[in-house]
Structure formats: C-alpha cells, structure tokens
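Just target.pdb here, PDB, C-alpha atoms:
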```pdb
MODEL        1
ATOM      1  CA  MET W   1      24.837  73.505  67.515  1.00  0.00           C
ATOM      2  CA  THR W   2      27.152  76.125  66.046  1.00  0.00           C
ATOM      3  CA  ILE W   3      30.497  77.090  67.545  1.00  0.00           C
ATOM      4  CA  ALA W   4      32.045  80.366  66.362  1.00  0.00           C
ATOM      5  CA  THR W   5      35.706  81.092  67.118  1.00  0.00           C
ATOM      6  CA  TYR W   6      37.094  84.557  66.403  1.00  0.00           C
ATOM      7  CA  LEU W   7      40.618  84.110  65.057  1.00  0.00           C
ATOM      8  CA  GLU W   8      41.436  87.714  64.154  1.00  0.00           C
ATOM      9  CA  VAL W   9      39.615  90.989  64.793  1.00  0.00           C
ATOM     10  CA  SER W  10      41.262  94.283  63.856  1.00  0.00           C
ATOM     11  CA  ASP W  11      41.266  97.164  66.347  1.00  0.00           C
ATOM     12  CA  ASN W  12      39.490  99.411  63.863  1.00  0.00           C
ATOM     13  CA  LEU W  13      36.586  97.012  63.154  1.00  0.00           C
ATOM     14  CA  MET W  14      33.262  98.709  62.435  1.00  0.00           C
ATOM     15  CA  GLY W  15      30.304  96.385  61.810  1.00  0.00           C
ATOM     16  CA  GLY W  16      30.774  92.639  61.489  1.00  0.00           C
ATOM     17  CA  GLU W  17      28.578  91.797  64.494  1.00  0.00           C
ATOM     18  CA  LEU W  18      26.987  88.372  64.855  1.00  0.00           C
ATOM     19  CA  CYS W  19      23.209  88.870  65.005  1.00  0.00           C
ATOM     20  CA  ILE W  20      20.822  86.150  66.240  1.00  0.00           C
ATOM     21  CA  SER W  21      17.038  86.524  65.963  1.00  0.00           C
ATOM     22  CA  ASN W  22      14.997  86.378  69.175  1.00  0.00           C
ATOM     23  CA  ASP W  23      11.670  86.290  67.332  1.00  0.00           C
ATOM     24  CA  PHE W  24      12.023  83.872  64.442  1.00  0.00           C
ATOM     25  CA  THR W  25      13.254  80.338  63.969  1.00  0.00           C
ATOM     26  CA  TYR W  26      13.862  78.428  60.760  1.00  0.00           C
ATOM     27  CA  LEU W  27      10.489  76.745  61.362  1.00  0.00           C
ATOM     28  CA  SER W  28       8.591  80.067  61.196  1.00  0.00           C
ATOM     29  CA  ASP W  29       6.212  80.580  58.258  1.00  0.00           C
ATOM     30  CA  ASN W  30       6.201  83.520  55.838  1.00  0.00           C
ATOM     31  CA  ILE W  31       9.471  84.999  57.028  1.00  0.00           C
ATOM     32  CA  THR W  32      11.173  87.699  54.988  1.00  0.00           C
ATOM     33  CA  ASN W  33      14.520  89.424  55.482  1.00  0.00           C
ATOM     34  CA  GLU W  34      12.625  92.622  56.312  1.00  0.00           C
ATOM     35  CA  LYS W  35      10.661  90.906  59.108  1.00  0.00           C
ATOM     36  CA  ILE W  36      13.833  89.407  60.568  1.00  0.00           C
ATOM     37  CA  LEU W  37      15.780  92.693  60.469  1.00  0.00           C
ATOM     38  CA  THR W  38      12.957  94.692  62.075  1.00  0.00           C
ATOM     39  CA  GLY W  39      12.355  92.053  64.755  1.00  0.00           C
ATOM     40  CA  SER W  40      14.208  91.604  68.018  1.00  0.00           C
ATOM     41  CA  PHE W  41      17.716  90.167  67.822  1.00  0.00           C
ATOM     42  CA  GLU W  42      20.863  89.869  69.912  1.00  0.00           C
ATOM     43  CA  LYS W  43      23.996  91.538  68.549  1.00  0.00           C
ATOM     44  CA  TYR W  44      27.503  90.396  69.514  1.00  0.00           C
ATOM     45  CA  SER W  45      30.607  92.403  68.625  1.00  0.00           C
ATOM     46  CA  PRO W  46      33.484  90.000  67.975  1.00  0.00           C
ATOM     47  CA  VAL W  47      36.535  89.969  70.216  1.00  0.00           C
ATOM     48  CA  GLU W  48      39.639  88.117  69.087  1.00  0.00           C
ATOM     49  CA  GLY W  49      39.952  84.770  70.886  1.00  0.00           C
ATOM     50  CA  ASP W  50      36.281  84.552  71.914  1.00  0.00           C
ATOM     51  CA  ILE W  51      34.314  81.348  71.369  1.00  0.00           C
ATOM     52  CA  LEU W  52      30.514  81.410  71.107  1.00  0.00           C
ATOM     53  CA  CYS W  53      28.060  78.515  71.082  1.00  0.00           C
ATOM     54  CA  PHE W  54      24.481  78.929  69.843  1.00  0.00           C
ATOM     55  CA  GLU W  55      21.719  76.991  68.117  1.00  0.00           C
ATOM     56  CA  GLY W  56      22.626  78.025  64.576  1.00  0.00           C
ATOM     57  CA  GLY W  57      20.387  75.378  63.041  1.00  0.00           C
ATOM     58  CA  LYS W  58      17.354  76.728  64.876  1.00  0.00           C
ATOM     59  CA  TYR W  59      17.557  80.541  64.902  1.00  0.00           C
ATOM     60  CA  TYR W  60      18.079  82.923  62.000  1.00  0.00           C
ATOM     61  CA  HIS W  61      21.529  84.467  62.283  1.00  0.00           C
ATOM     62  CA  TRP W  62      23.714  86.684  60.151  1.00  0.00           C
ATOM     63  CA  ILE W  63      26.785  88.905  60.190  1.00  0.00           C
ATOM     64  CA  SER W  64      26.244  92.639  59.822  1.00  0.00           C
ATOM     65  CA  GLN W  65      28.169  94.345  57.045  1.00  0.00           C
ATOM     66  CA  VAL W  66      31.836  95.009  57.830  1.00  0.00           C
ATOM     67  CA  LEU W  67      32.275  98.743  57.255  1.00  0.00           C
ATOM     68  CA  GLN W  68      35.923  98.988  58.296  1.00  0.00           C
ATOM     69  CA  GLY W  69      38.673  96.624  59.404  1.00  0.00           C
ATOM     70  CA  THR W  70      38.810  92.849  59.242  1.00  0.00           C
ATOM     71  CA  ARG W  71      37.367  89.884  61.107  1.00  0.00           C
ATOM     72  CA  LYS W  72      38.286  86.258  60.599  1.00  0.00           C
ATOM     73  CA  SER W  73      36.317  83.480  62.201  1.00  0.00           C
ATOM     74  CA  LEU W  74      35.933  79.730  62.104  1.00  0.00           C
ATOM     75  CA  LEU W  75      32.458  78.225  62.459  1.00  0.00           C
ATOM     76  CA  LEU W  76      31.719  74.586  63.190  1.00  0.00           C
ATOM     77  CA  ASN W  77      28.222  73.163  62.813  1.00  0.00           C
ATOM     78  CA  PHE W  78      27.116  69.973  64.546  1.00  0.00           C
ATOM     79  CA  TRP W  79      23.939  68.414  63.154  1.00  0.00           C
ATOM     80  CA  PRO W  80      21.772  65.755  64.810  1.00  0.00           C
ATOM     81  CA  LYS W  81      22.212  62.333  63.269  1.00  0.00           C
ATOM     82  CA  ASP W  82      18.569  62.171  62.153  1.00  0.00           C
ATOM     83  CA  ILE W  83      18.876  65.203  59.821  1.00  0.00           C
ATOM     84  CA  ALA W  84      22.440  64.711  58.613  1.00  0.00           C
ATOM     85  CA  THR W  85      22.708  63.151  55.153  1.00  0.00           C
ATOM     86  CA  TYR W  86      25.537  60.758  54.472  1.00  0.00           C
ATOM     87  CA  ASN W  87      26.769  59.648  51.060  1.00  0.00           C
ATOM     88  CA  SER W  88      27.944  56.055  51.298  1.00  0.00           C
ATOM     89  CA  GLN W  89      29.701  55.953  47.898  1.00  0.00           C
TER      90      GLN W  89
ENDMDL
END
```
When written as structure tokens, how does the structure in this file appear?
Amino acid sequence: MTIATYLEVSDNLMGGELCISNDFTYLSDNITNEKILTGSFEKYSPVEGDILCFEGGKYYHWISQVLQGTRKSLLLNFWPKDIATYNSQ
C-alpha cells in the first residue's frame, strides 16, 4: 500500500500528475515504458493537503514531468511481511 500526501502545490503547477496504469501490473511480462504510456491509466492532478492511497507495489505508477511550478509530496510504502527484507545486524 502506498500513501501519498501532497505537502505543497504551487498555483501555477503544470504537469506533475500522478499516473497509475489500469492495464499493467508489476507481474506483467514483456512490459516496456512505451506500452505503459500508450495504455490506459488514471491521472490525478495534485491538490495541496490531499492524501491518496493506492496499491503502489502492484500497479505501475509515475509522475508526469513538471513543466511549471512546484509540487512537494511525501510517500509512505507499506510492504507485506512476507516480501519485506530485514537486516538483523
């Protein structure tokens, strides 16, 4: 599970959307950036103070290029115990 919190978004922001693939997961075979970008995906324009939750460990996701303005966010990832690796040193 991924939680994204938007801490600061300038009024003049162009780009910087969170994009999440509808068609491909990390388990898909033979995936290229071109296939992901030409496939179906959800696009969310950040709003300061918003909090989003999504399955970031399952679906391809990315941030579109920021063309103008600034965006600051904090992302937290929660991994299932069975795939998390712990160093006991």
### Neighbour list for range 63-70 of chain W as a PyMOL selection string, cut-off 12 Å, all atoms listed in the file, skip fewer than 6 positions in-chain
chain W and resi 4+6-21+37+41-48
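Taking CA of Gly56 in chain W and CA of Thr25 in chain W as the two end points, the separation is 9.7 Å.
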### Query
Could you spell out the hits of the PyMOL selection byres ((chain W and resi 74-83) around 10) on the shown file, as a PyMOL selection string?
chain W and resi 1-8+51-57+72-73+84-86
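Once the PyMOL selection byres ((chain W and resi 26) around 7) is applied to this file, the selection holds Phe24, Thr25, Leu27, Ser28, Lys58, Tyr59 and Tyr60 of chain W.
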Writing out the chosen residues with C-alpha atoms as an mmCIF file, in the frame of the given file:
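again17.cif, written as the output of this step:
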```
data_model
loop_
_atom_site.group_PDB
_atom_site.id
_atom_site.type_symbol
_atom_site.label_atom_id
_atom_site.label_comp_id
_atom_site.auth_asym_id
_atom_site.auth_seq_id
_atom_site.Cartn_x
_atom_site.Cartn_y
_atom_site.Cartn_z
ATOM 1 C CA PHE W 24 12.023 83.872 64.442
ATOM 2 C CA THR W 25 13.254 80.338 63.969
ATOM 3 C CA LEU W 27 10.489 76.745 61.362
ATOM 4 C CA SER W 28 8.591 80.067 61.196
ATOM 5 C CA LYS W 58 17.354 76.728 64.876
ATOM 6 C CA TYR W 59 17.557 80.541 64.902
ATOM 7 C CA TYR W 60 18.079 82.923 62.000
#
```
I'd like the box whose edges run along x, y and z of the file and which contains every listed atom of range 32-49 of chain W, padded by 4 Å per side; could you state its centre and edge lengths in Å, one decimal, as lines of an AutoDock Vina configuration file?
```
center_x = 25.3
center_y = 89.7
center_z = 62.9
size_x = 37.3
size_y = 17.9
size_z = 23.9
```
Can you put N, CA, C and O atoms back into range 26-52 of chain W and show it as a short mmCIF file (atom, residue, chain, number, x, y, z; two decimals), in the frame of the given file?
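The resulting part.cif:
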```
data_model
loop_
_atom_site.label_atom_id
_atom_site.label_comp_id
_atom_site.auth_asym_id
_atom_site.auth_seq_id
_atom_site.Cartn_x
_atom_site.Cartn_y
_atom_site.Cartn_z
N TYR W 26 13.93 78.94 62.12
CA TYR W 26 13.86 78.43 60.76
C TYR W 26 12.55 77.71 60.49
O TYR W 26 12.20 77.44 59.36
N LEU W 27 11.78 77.41 61.54
CA LEU W 27 10.49 76.74 61.36
C LEU W 27 9.34 77.74 61.20
O LEU W 27 8.21 77.36 60.96
N SER W 28 9.62 79.04 61.33
CA SER W 28 8.59 80.07 61.20
C SER W 28 8.10 80.15 59.75
O SER W 28 8.87 79.98 58.81
N ASP W 29 6.80 80.44 59.59
CA ASP W 29 6.21 80.58 58.26
C ASP W 29 6.26 82.03 57.78
O ASP W 29 6.23 82.95 58.58
N ASN W 30 6.29 82.20 56.47
CA ASN W 30 6.20 83.52 55.84
C ASN W 30 7.21 84.53 56.38
O ASN W 30 6.87 85.67 56.69
N ILE W 31 8.43 84.12 56.51
CA ILE W 31 9.47 85.00 57.03
C ILE W 31 10.20 85.66 55.86
O ILE W 31 10.55 85.02 54.88
N THR W 32 10.41 86.95 55.99
CA THR W 32 11.17 87.70 54.99
C THR W 32 12.37 88.33 55.68
O THR W 32 12.39 88.47 56.91
N ASN W 33 13.36 88.73 54.90
CA ASN W 33 14.52 89.42 55.48
C ASN W 33 14.08 90.68 56.23
O ASN W 33 14.62 91.00 57.29
N GLU W 34 13.11 91.40 55.67
CA GLU W 34 12.62 92.62 56.31
C GLU W 34 12.04 92.33 57.70
O GLU W 34 12.31 93.05 58.65
N LYS W 35 11.24 91.26 57.81
CA LYS W 35 10.66 90.91 59.11
C LYS W 35 11.76 90.56 60.12
O LYS W 35 11.69 90.96 61.28
N ILE W 36 12.75 89.81 59.66
CA ILE W 36 13.83 89.41 60.57
C ILE W 36 14.62 90.63 61.04
O ILE W 36 14.89 90.79 62.23
N LEU W 37 14.96 91.53 60.12
CA LEU W 37 15.78 92.69 60.47
C LEU W 37 15.04 93.72 61.32
O LEU W 37 15.66 94.49 62.05
N THR W 38 13.72 93.75 61.24
CA THR W 38 12.96 94.69 62.08
C THR W 38 12.49 94.05 63.37
O THR W 38 11.95 94.72 64.24
N GLY W 39 12.71 92.75 63.52
CA GLY W 39 12.36 92.05 64.76
C GLY W 39 13.44 92.21 65.80
O GLY W 39 14.45 92.89 65.61
N SER W 40 13.24 91.56 66.92
CA SER W 40 14.21 91.60 68.02
C SER W 40 15.35 90.61 67.75
O SER W 40 15.10 89.47 67.35
N PHE W 41 16.58 91.07 67.97
CA PHE W 41 17.72 90.17 67.82
C PHE W 41 18.85 90.60 68.74
O PHE W 41 18.96 91.76 69.12
N GLU W 42 19.66 89.62 69.11
CA GLU W 42 20.86 89.87 69.91
C GLU W 42 21.99 90.22 68.95
O GLU W 42 22.08 89.66 67.86
N LYS W 43 22.86 91.12 69.38
CA LYS W 43 24.00 91.54 68.55
C LYS W 43 25.26 91.37 69.37
O LYS W 43 25.36 91.87 70.48
N TYR W 44 26.23 90.63 68.83
CA TYR W 44 27.50 90.40 69.51
C TYR W 44 28.65 90.97 68.69
O TYR W 44 28.83 90.60 67.53
N SER W 45 29.42 91.85 69.28
CA SER W 45 30.61 92.40 68.62
C SER W 45 31.78 91.46 68.87
O SER W 45 32.09 91.15 70.03
N PRO W 46 32.42 90.99 67.81
CA PRO W 46 33.48 90.00 67.97
C PRO W 46 34.71 90.55 68.70
O PRO W 46 35.08 91.71 68.53
N VAL W 47 35.29 89.69 69.51
CA VAL W 47 36.53 89.97 70.22
C VAL W 47 37.48 88.81 69.91
O VAL W 47 37.10 87.65 70.05
N GLU W 48 38.67 89.15 69.45
CA GLU W 48 39.64 88.12 69.09
C GLU W 48 39.83 87.13 70.23
O GLU W 48 40.01 87.52 71.39
N GLY W 49 39.76 85.83 69.90
CA GLY W 49 39.95 84.77 70.89
C GLY W 49 38.66 84.27 71.51
O GLY W 49 38.66 83.23 72.16
N ASP W 50 37.56 84.99 71.34
CA ASP W 50 36.28 84.55 71.91
C ASP W 50 35.73 83.33 71.18
O ASP W 50 35.95 83.15 69.98
N ILE W 51 35.00 82.51 71.92
CA ILE W 51 34.31 81.35 71.37
C ILE W 51 32.85 81.44 71.80
O ILE W 51 32.57 81.61 72.99
N LEU W 52 31.95 81.35 70.83
CA LEU W 52 30.51 81.41 71.11
C LEU W 52 29.85 80.11 70.68
O LEU W 52 30.21 79.54 69.65
#
```
